[in-house]
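Engineer: Mind looking over this structure? Questions follow.
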Amino acid sequence: MKSSEIRKKYLKFMEERGHKIVSSASLLPENDPTTLFTGSGMQPIVPYLLGEPYPGGEKRIANSQKCFRSGDIEEVGDNRHTTFFEMLGNWSLGDYFKKEQIEWIFEFLTKELELDPKKLYVSVYRGNEKFKLPKEEGAVKLWQEQFKTVGIKVKTVDLIELRQSSVDLKGVCLVDGNKGNDDEQRGRTSSVASLCSAPPRGTTSVADNRIFFYPDSENWWSRAGEPEKMPEGEIGGPDSEIFWDFGAELKLHENSKWKNQPCHPACDCGRFMEIGNNVFMQYKKVGKKFEELANKNIDFGGGLERLTAAVLDMPDVFLTDLFELPMKKLEEISGRKYELVKGERGKGLALRRTGAVAEGRKRPNLEERDDEQNEAVKSAMRVILDHIKGATFLINDGAEPSNKDQGYFTRRLIRRAVRFGHQLGIEKNFTAEIAGSVIEIYQDYYTDLADNREMILNVMEKEENKFRKTLQKGLKIIMNYQSKDVQKNNDEHDNNQQQGRTSSVALLRSTPPRGTTSVTGKEIFDLYQTYGFPIEMSFEELEKIGMKINKDKLEKEFEEELQKHKDLSRTASAGKFKGGLAGNDKITTQLHTVTHLMLAGLRKVLGKSVTQKGSNITPERIRFDFSFDRAMTDEKKQAVEKFVNDAIQTGGRVELTEMPKQQAMDEGVVGAFWEKYPEQVKVYTITAHDGTIYSRELCGGPHIKDLSELKNKTFKIIKEKSSGAGVRRIKAVVE
């Protein structure tokens, strides 16, 4: 079963159960100040989960949402992490709840996808005594009823309680009772496994353990995180995850760094993979306690890549058809093969893969190899395939490579792909070829990829050309390191002679041995950050010019600098890089409404070709990006200011109308990012009391009711400058 069939089956399954199937939102969210990208299927739905009526009054919706998580860039390289993925999701907005959701998702997995229920495990919330949040016994009962329909007896495991009983967990699998015998890493614990415990050996069978209780950190959802961190008025609730077991025979746990720790569904060893999560939004925080919501919501999300891996019973998502064509193209370009290594193939895996991999795919070599070089090749290929796919979708949604905002991450993805291509020996441009294969896989569902194919490939080629020139500059920097050391040695030698310290012992103490580099880890990191050199490439080039290096010392210094950069990147992603509204307070809402007038003014003064490219609105100012190929003259800026201020002075009304999206497009409603909106949309019209229409625009954010709220206030453009090729940026205020 191919991924496209899984997607189709899911959407049809939910449609038959009364769900409105909606389009995927853009990867570049509007009116969401919390993130640069759409990183989950839930993200575009949050306003409706918080109580805002869904356009058209829909109570059940479902879709397949494109997602991108920039925080996972450095994690890519194993067999399951990706930056880009699709999330199959369904939502109940105050309609059905736990019973229907658990029944439906169990039916979909076991009947539609024909997954073996014996290989399914679930997690549930263990409760929180401090906030009097109960243990999810109701969800447990519902899951037990479903497993009972297929003849499976189910027991529960509360890992916290069992840990407190001080049982011996070393090497125990809490699912099948298997135990490893390698004592090398005994005593270590993973972040999740440290929470777990198990029945004492010899006292209780673990063969029926199928439902696992986990604490706040694992099985509670709110925008703020755990119950303790939630502000008053915030909603949230427990969740129940579904895991697929790839089987004990693969010995994934025994061959992992967690081999001496207890193995359970949330273990990081790779034996189990989360394939779906049901969030039960049923509580609201009131003071220091929680109250049940009158209208409870359901949010389900299941990763398409992981569901496909489960259907194939293949723990490596890069061996699914979602990577088939790009993998084939990369193998052709690089001359390398994507081979399994020791620990990835167990008894029966080759048989399960027979006929499972998409037709026409040349199967990877199943011969076990445990050499580090082969693992490095596989890791590099995974990075390339993931990053080019992510960049392809980002470019398609409008994030072309740049040094700021979303474009920064597009650039970073492409350049990392080129760097890892260098490790595979690829010297010619290749990213556009891989991107073409990505488009071929997805274009039937995301039809805009085919429409934008030429643009995407041109952007990819241009960025790779630019980066390869940068790489040449980096090589020159490395040559300068050699010159610097030679000069340093000569200077120290001269100083020693002048001071009369010319004995051989003194010279050895004061001068690095010939051919040894004094380059620092920070300089190696600067090559990585500025010129795109991975540390291995820097070492290789330094050795090529005959310089001896202390790899252990440089690697340690490099990792310290990299960690600093990661910390700054996370801070930037959470703070600096924001789009949309910075809040829903009165002043920000006023400025958002004024932004509609400003866009209308820009289109009147500069022409109808002007479109919105992005915005960021805070209580202090408006920042607005729009399409225009040259600087605005003072006269043009003043004309836009006059248009906005004239509208404000009318004290006109702001009216909301809901209509089908196609109708809005046919009527000439102004809008950007149409693809992110559902089939029923909101249109805001700003009209003067004499009937003059100043603005009519598609939008989903908050607005004031009428312009009289802005009485005695004046709109003013503070700055106008370039924000990229063909894009201008305005900073404006209302005072």
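Following the order of the structure tokens, first chain is A, next is B, and so on, with residues numbered from 1 inside each chain and ligands from 1 in the order they appear.
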Got a sec: who's within 9 Å of Lys66 (chain A), counting only C-alpha atoms, leaving out chain neighbours fewer than 3 positions off, as a VMD selection string?

Structural biologist: chain A and resid 24 to 27 38 to 41 84 to 87 393

Engineer: List as a count of residues only the protein and nucleic acid residues near Phe643 (chain A), meaning an atom at most 12 Å away when only C-alpha atoms are counted, but skip any in the same chain fewer than 2 places from it.

Structural biologist: 29

Engineer: When distances are computed from only C-alpha atoms, which of A:Phe243, A:Phe108, A:Phe131, A:Phe420 shows the smallest separation from Phe272 (chain A)?

Structural biologist: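 That would be A:Phe243, the residue with the smallest distance to Phe272 (chain A).
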
Engineer: Contacts of Arg223 (chain A) at 9 Å or less, counting only C-alpha atoms, minus same-chain residues fewer than 6 places along, as a PyMOL selection string?

Structural biologist: chain A and resi 230+234-236

Engineer: Go ahead and dump the residues you just picked, all heavy atoms, as an mmCIF file, in the first residue's frame.

Structural biologist:
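Result written to selection.cif:
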```cif
data_model
loop_
_atom_site.group_PDB
_atom_site.id
_atom_site.type_symbol
_atom_site.label_atom_id
_atom_site.label_comp_id
_atom_site.auth_asym_id
_atom_site.auth_seq_id
_atom_site.Cartn_x
_atom_site.Cartn_y
_atom_site.Cartn_z
ATOM 1 N N MET A 230 0.302 26.238 32.567
ATOM 2 C CA MET A 230 -0.826 26.835 31.856
ATOM 3 C C MET A 230 -1.332 28.095 32.556
ATOM 4 O O MET A 230 -1.531 28.087 33.774
ATOM 5 C CB MET A 230 -1.966 25.820 31.730
ATOM 6 C CG MET A 230 -1.660 24.643 30.834
ATOM 7 S SD MET A 230 -2.931 23.341 30.901
ATOM 8 C CE MET A 230 -4.378 24.235 30.312
ATOM 9 N N GLU A 234 -6.633 29.103 29.954
ATOM 10 C CA GLU A 234 -6.127 28.239 28.882
ATOM 11 C C GLU A 234 -6.847 26.890 28.912
ATOM 12 O O GLU A 234 -7.188 26.362 29.975
ATOM 13 C CB GLU A 234 -4.626 28.023 29.049
ATOM 14 C CG GLU A 234 -3.977 27.192 27.961
ATOM 15 C CD GLU A 234 -3.825 27.950 26.645
ATOM 16 O OE1 GLU A 234 -4.088 29.169 26.629
ATOM 17 O OE2 GLU A 234 -3.457 27.320 25.653
ATOM 18 N N ILE A 235 -7.087 26.314 27.715
ATOM 19 C CA ILE A 235 -7.705 24.997 27.651
ATOM 20 C C ILE A 235 -6.657 23.944 27.313
ATOM 21 O O ILE A 235 -5.609 24.246 26.739
ATOM 22 C CB ILE A 235 -8.852 24.949 26.626
ATOM 23 C CG1 ILE A 235 -8.312 25.061 25.188
ATOM 24 C CG2 ILE A 235 -9.885 26.024 26.909
ATOM 25 C CD1 ILE A 235 -9.362 24.759 24.134
ATOM 26 N N GLY A 236 -6.939 22.712 27.677
ATOM 27 C CA GLY A 236 -6.023 21.614 27.403
ATOM 28 C C GLY A 236 -6.665 20.305 27.786
ATOM 29 O O GLY A 236 -7.855 20.243 28.118
#
```

Engineer: Just the residues within 12 Å of region 657-659 of chain A, please, counting only C-alpha atoms, with nothing from its chain fewer than 6 positions along; format it as a ChimeraX atom specification.

Structural biologist: /A:53-57,665-667,669,677-686,696-700

Engineer: Give me, as a PyMOL selection string, all polymer residues having an atom no more than 8 Å from Leu475 (chain A), counting only C-alpha atoms and skipping those fewer than 4 positions away in the same chain.

Structural biologist: chain A and resi 471+479+541

Engineer: With a distance cut-off of 10 Å and only C-alpha atoms, select the neighbouring residues of Glu218 (chain A), excluding the residue or stretch itself and same-chain residues fewer than 3 positions from it, and output the selection as number ranges by chain.

Structural biologist: A: 123-126, 192, 213-215, 221, 226, 238-241, 266

Engineer: For Leu394 (chain A), which residue among A:Met460, A:Ala380, A:Ile242, A:Ile434 is the nearest when counting only C-alpha atoms?

Structural biologist: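 Using only C-alpha atoms, Leu394 (chain A) sits closest to A:Met460.
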
Engineer: Write out as a ChimeraX atom specification each polymer residue whose atoms come within 8 Å of Asn63 (chain A), counting only C-alpha atoms; drop sequence neighbours fewer than 4 positions from it.

Structural biologist: /A:11,21-24,88-90

Engineer: Write the residues you've just listed into a file as an mmCIF file, in the first residue's frame, and include all heavy atoms for each of them.

Structural biologist:
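Final file, again_36.cif:
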```cif
data_model
loop_
_atom_site.group_PDB
_atom_site.id
_atom_site.type_symbol
_atom_site.label_atom_id
_atom_site.label_comp_id
_atom_site.auth_asym_id
_atom_site.auth_seq_id
_atom_site.Cartn_x
_atom_site.Cartn_y
_atom_site.Cartn_z
ATOM 1 N N LEU A 11 -8.863 10.168 4.344
ATOM 2 C CA LEU A 11 -9.785 11.272 4.078
ATOM 3 C C LEU A 11 -11.176 10.746 3.711
ATOM 4 O O LEU A 11 -12.194 11.313 4.134
ATOM 5 C CB LEU A 11 -9.228 12.162 2.969
ATOM 6 C CG LEU A 11 -7.911 12.874 3.305
ATOM 7 C CD1 LEU A 11 -7.419 13.689 2.107
ATOM 8 C CD2 LEU A 11 -8.061 13.778 4.527
ATOM 9 N N ILE A 21 -13.804 17.774 4.481
ATOM 10 C CA ILE A 21 -12.395 17.660 4.116
ATOM 11 C C ILE A 21 -11.910 19.026 3.637
ATOM 12 O O ILE A 21 -12.461 19.579 2.675
ATOM 13 C CB ILE A 21 -12.175 16.602 3.019
ATOM 14 C CG1 ILE A 21 -12.811 15.268 3.448
ATOM 15 C CG2 ILE A 21 -10.692 16.434 2.734
ATOM 16 C CD1 ILE A 21 -12.301 14.720 4.765
ATOM 17 N N VAL A 22 -10.914 19.580 4.313
ATOM 18 C CA VAL A 22 -10.407 20.909 3.986
ATOM 19 C C VAL A 22 -8.989 20.802 3.452
ATOM 20 O O VAL A 22 -8.288 19.810 3.679
ATOM 21 C CB VAL A 22 -10.453 21.847 5.215
ATOM 22 C CG1 VAL A 22 -11.887 22.004 5.696
ATOM 23 C CG2 VAL A 22 -9.563 21.324 6.341
ATOM 24 N N SER A 23 -8.564 21.842 2.758
ATOM 25 C CA SER A 23 -7.232 21.848 2.157
ATOM 26 C C SER A 23 -6.159 22.085 3.213
ATOM 27 O O SER A 23 -6.417 22.648 4.278
ATOM 28 C CB SER A 23 -7.148 22.944 1.093
ATOM 29 O OG SER A 23 -8.105 22.747 0.090
ATOM 30 N N SER A 24 -4.945 21.694 2.888
ATOM 31 C CA SER A 24 -3.808 21.975 3.760
ATOM 32 C C SER A 24 -3.540 23.473 3.785
ATOM 33 O O SER A 24 -3.627 24.160 2.769
ATOM 34 C CB SER A 24 -2.564 21.247 3.252
ATOM 35 O OG SER A 24 -1.412 21.667 3.968
ATOM 36 N N LEU A 88 -1.963 13.607 8.924
ATOM 37 C CA LEU A 88 -3.376 13.321 8.716
ATOM 38 C C LEU A 88 -4.106 13.672 10.003
ATOM 39 O O LEU A 88 -3.700 13.241 11.091
ATOM 40 C CB LEU A 88 -3.577 11.842 8.390
ATOM 41 C CG LEU A 88 -2.813 11.291 7.177
ATOM 42 C CD1 LEU A 88 -3.129 9.809 6.987
ATOM 43 C CD2 LEU A 88 -3.140 12.075 5.923
ATOM 44 N N GLY A 89 -5.173 14.468 9.906
ATOM 45 C CA GLY A 89 -5.826 14.924 11.120
ATOM 46 C C GLY A 89 -7.335 15.010 11.001
ATOM 47 O O GLY A 89 -7.880 15.244 9.921
ATOM 48 N N ASN A 90 -8.009 14.769 12.132
ATOM 49 C CA ASN A 90 -9.449 15.010 12.210
ATOM 50 C C ASN A 90 -9.772 15.712 13.521
ATOM 51 O O ASN A 90 -9.095 15.515 14.528
ATOM 52 C CB ASN A 90 -10.253 13.718 12.068
ATOM 53 C CG ASN A 90 -10.002 12.710 13.169
ATOM 54 O OD1 ASN A 90 -9.068 11.902 13.083
ATOM 55 N ND2 ASN A 90 -10.822 12.721 14.208
#
```

Engineer: Between CA of Leu293 (chain A) and CA of Ser217 (chain A), what is the distance in Å, rounded to a tenth?

Structural biologist: 22.0 Å

Engineer: Looking at only C-alpha atoms, which of A:Ile441, A:Val610, A:Ile160, A:Ile477 is the one that sits closest to Gly671 (chain A)?

Structural biologist: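 Closest to Gly671 (chain A) of all the choices is A:Val610.
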
Engineer: Can you pull out every residue from region 19-66 of chain A that DSSP, working from the backbone, puts in helix (DSSP H, G or I), and format the result as a PyMOL selection string?

Structural biologist: chain A and resi 43-49+55-57

Engineer: Mind writing the picked residues with N, CA, C and O atoms as a PDB file, in the first residue's frame?

Structural biologist:
```
ATOM      1  N   GLN A  43      -2.180  23.252  14.239  1.00  0.00           N
ATOM      2  CA  GLN A  43      -1.847  24.682  14.315  1.00  0.00           C
ATOM      3  C   GLN A  43      -2.850  25.603  13.611  1.00  0.00           C
ATOM      4  O   GLN A  43      -3.299  26.583  14.202  1.00  0.00           O
ATOM      5  N   PRO A  44      -3.248  25.324  12.363  1.00  0.00           N
ATOM      6  CA  PRO A  44      -4.212  26.218  11.713  1.00  0.00           C
ATOM      7  C   PRO A  44      -5.619  26.136  12.317  1.00  0.00           C
ATOM      8  O   PRO A  44      -6.464  26.983  12.039  1.00  0.00           O
ATOM      9  N   ILE A  45      -5.877  25.094  13.138  1.00  0.00           N
ATOM     10  CA  ILE A  45      -7.211  24.860  13.685  1.00  0.00           C
ATOM     11  C   ILE A  45      -7.361  25.449  15.094  1.00  0.00           C
ATOM     12  O   ILE A  45      -8.454  25.508  15.641  1.00  0.00           O
ATOM     13  N   VAL A  46      -6.252  25.888  15.708  1.00  0.00           N
ATOM     14  CA  VAL A  46      -6.273  26.333  17.099  1.00  0.00           C
ATOM     15  C   VAL A  46      -7.363  27.364  17.395  1.00  0.00           C
ATOM     16  O   VAL A  46      -8.064  27.250  18.415  1.00  0.00           O
ATOM     17  N   PRO A  47      -7.575  28.401  16.556  1.00  0.00           N
ATOM     18  CA  PRO A  47      -8.634  29.376  16.891  1.00  0.00           C
ATOM     19  C   PRO A  47      -9.998  28.728  17.093  1.00  0.00           C
ATOM     20  O   PRO A  47     -10.780  29.159  17.941  1.00  0.00           O
ATOM     21  N   TYR A  48     -10.287  27.672  16.325  1.00  0.00           N
ATOM     22  CA  TYR A  48     -11.587  27.019  16.406  1.00  0.00           C
ATOM     23  C   TYR A  48     -11.655  26.071  17.603  1.00  0.00           C
ATOM     24  O   TYR A  48     -12.714  25.895  18.199  1.00  0.00           O
ATOM     25  N   LEU A  49     -10.513  25.502  17.967  1.00  0.00           N
ATOM     26  CA  LEU A  49     -10.465  24.684  19.176  1.00  0.00           C
ATOM     27  C   LEU A  49     -10.646  25.551  20.417  1.00  0.00           C
ATOM     28  O   LEU A  49     -11.127  25.092  21.456  1.00  0.00           O
ATOM     29  N   PRO A  55     -15.790  28.600   9.897  1.00  0.00           N
ATOM     30  CA  PRO A  55     -16.575  29.124   8.775  1.00  0.00           C
ATOM     31  C   PRO A  55     -17.555  28.084   8.240  1.00  0.00           C
ATOM     32  O   PRO A  55     -17.178  26.942   7.959  1.00  0.00           O
ATOM     33  N   GLY A  56     -18.808  28.497   8.125  1.00  0.00           N
ATOM     34  CA  GLY A  56     -19.832  27.579   7.647  1.00  0.00           C
ATOM     35  C   GLY A  56     -20.461  26.764   8.755  1.00  0.00           C
ATOM     36  O   GLY A  56     -21.380  25.979   8.511  1.00  0.00           O
ATOM     37  N   GLY A  57     -19.966  26.937   9.988  1.00  0.00           N
ATOM     38  CA  GLY A  57     -20.547  26.231  11.122  1.00  0.00           C
ATOM     39  C   GLY A  57     -20.183  24.770  11.223  1.00  0.00           C
ATOM     40  O   GLY A  57     -20.833  24.008  11.955  1.00  0.00           O
TER      41      GLY A  57
END
```

Engineer: Between A:Lys473, A:Lys288, A:His387, A:Lys119, which is the closest to Phe533 (chain A) once you count only C-alpha atoms?

Structural biologist: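 For Phe533 (chain A), the nearest of the given residues is A:Lys473.
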
Engineer: Do you have the CA of Cys267 (chain A)-CA of Val122 (chain A) distance handy?

Structural biologist: 12.8 Å

Engineer: Please indicate the distance in Å from CA of Leu319 (chain A) to CA of Ser256 (chain A), rounded to one decimal place.

Structural biologist: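 Computing the Euclidean distance for CA of Leu319 (chain A) and CA of Ser256 (chain A) yields 20.1 Å.
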
Engineer: Let me make sure I understand: among A:Arg416, A:Lys337, A:Arg69, A:Lys229, which one has the smallest atom-to-atom distance to His81 (chain A) if we use only C-alpha atoms?

Structural biologist: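 Using only C-alpha atoms, His81 (chain A) sits closest to A:Arg69.
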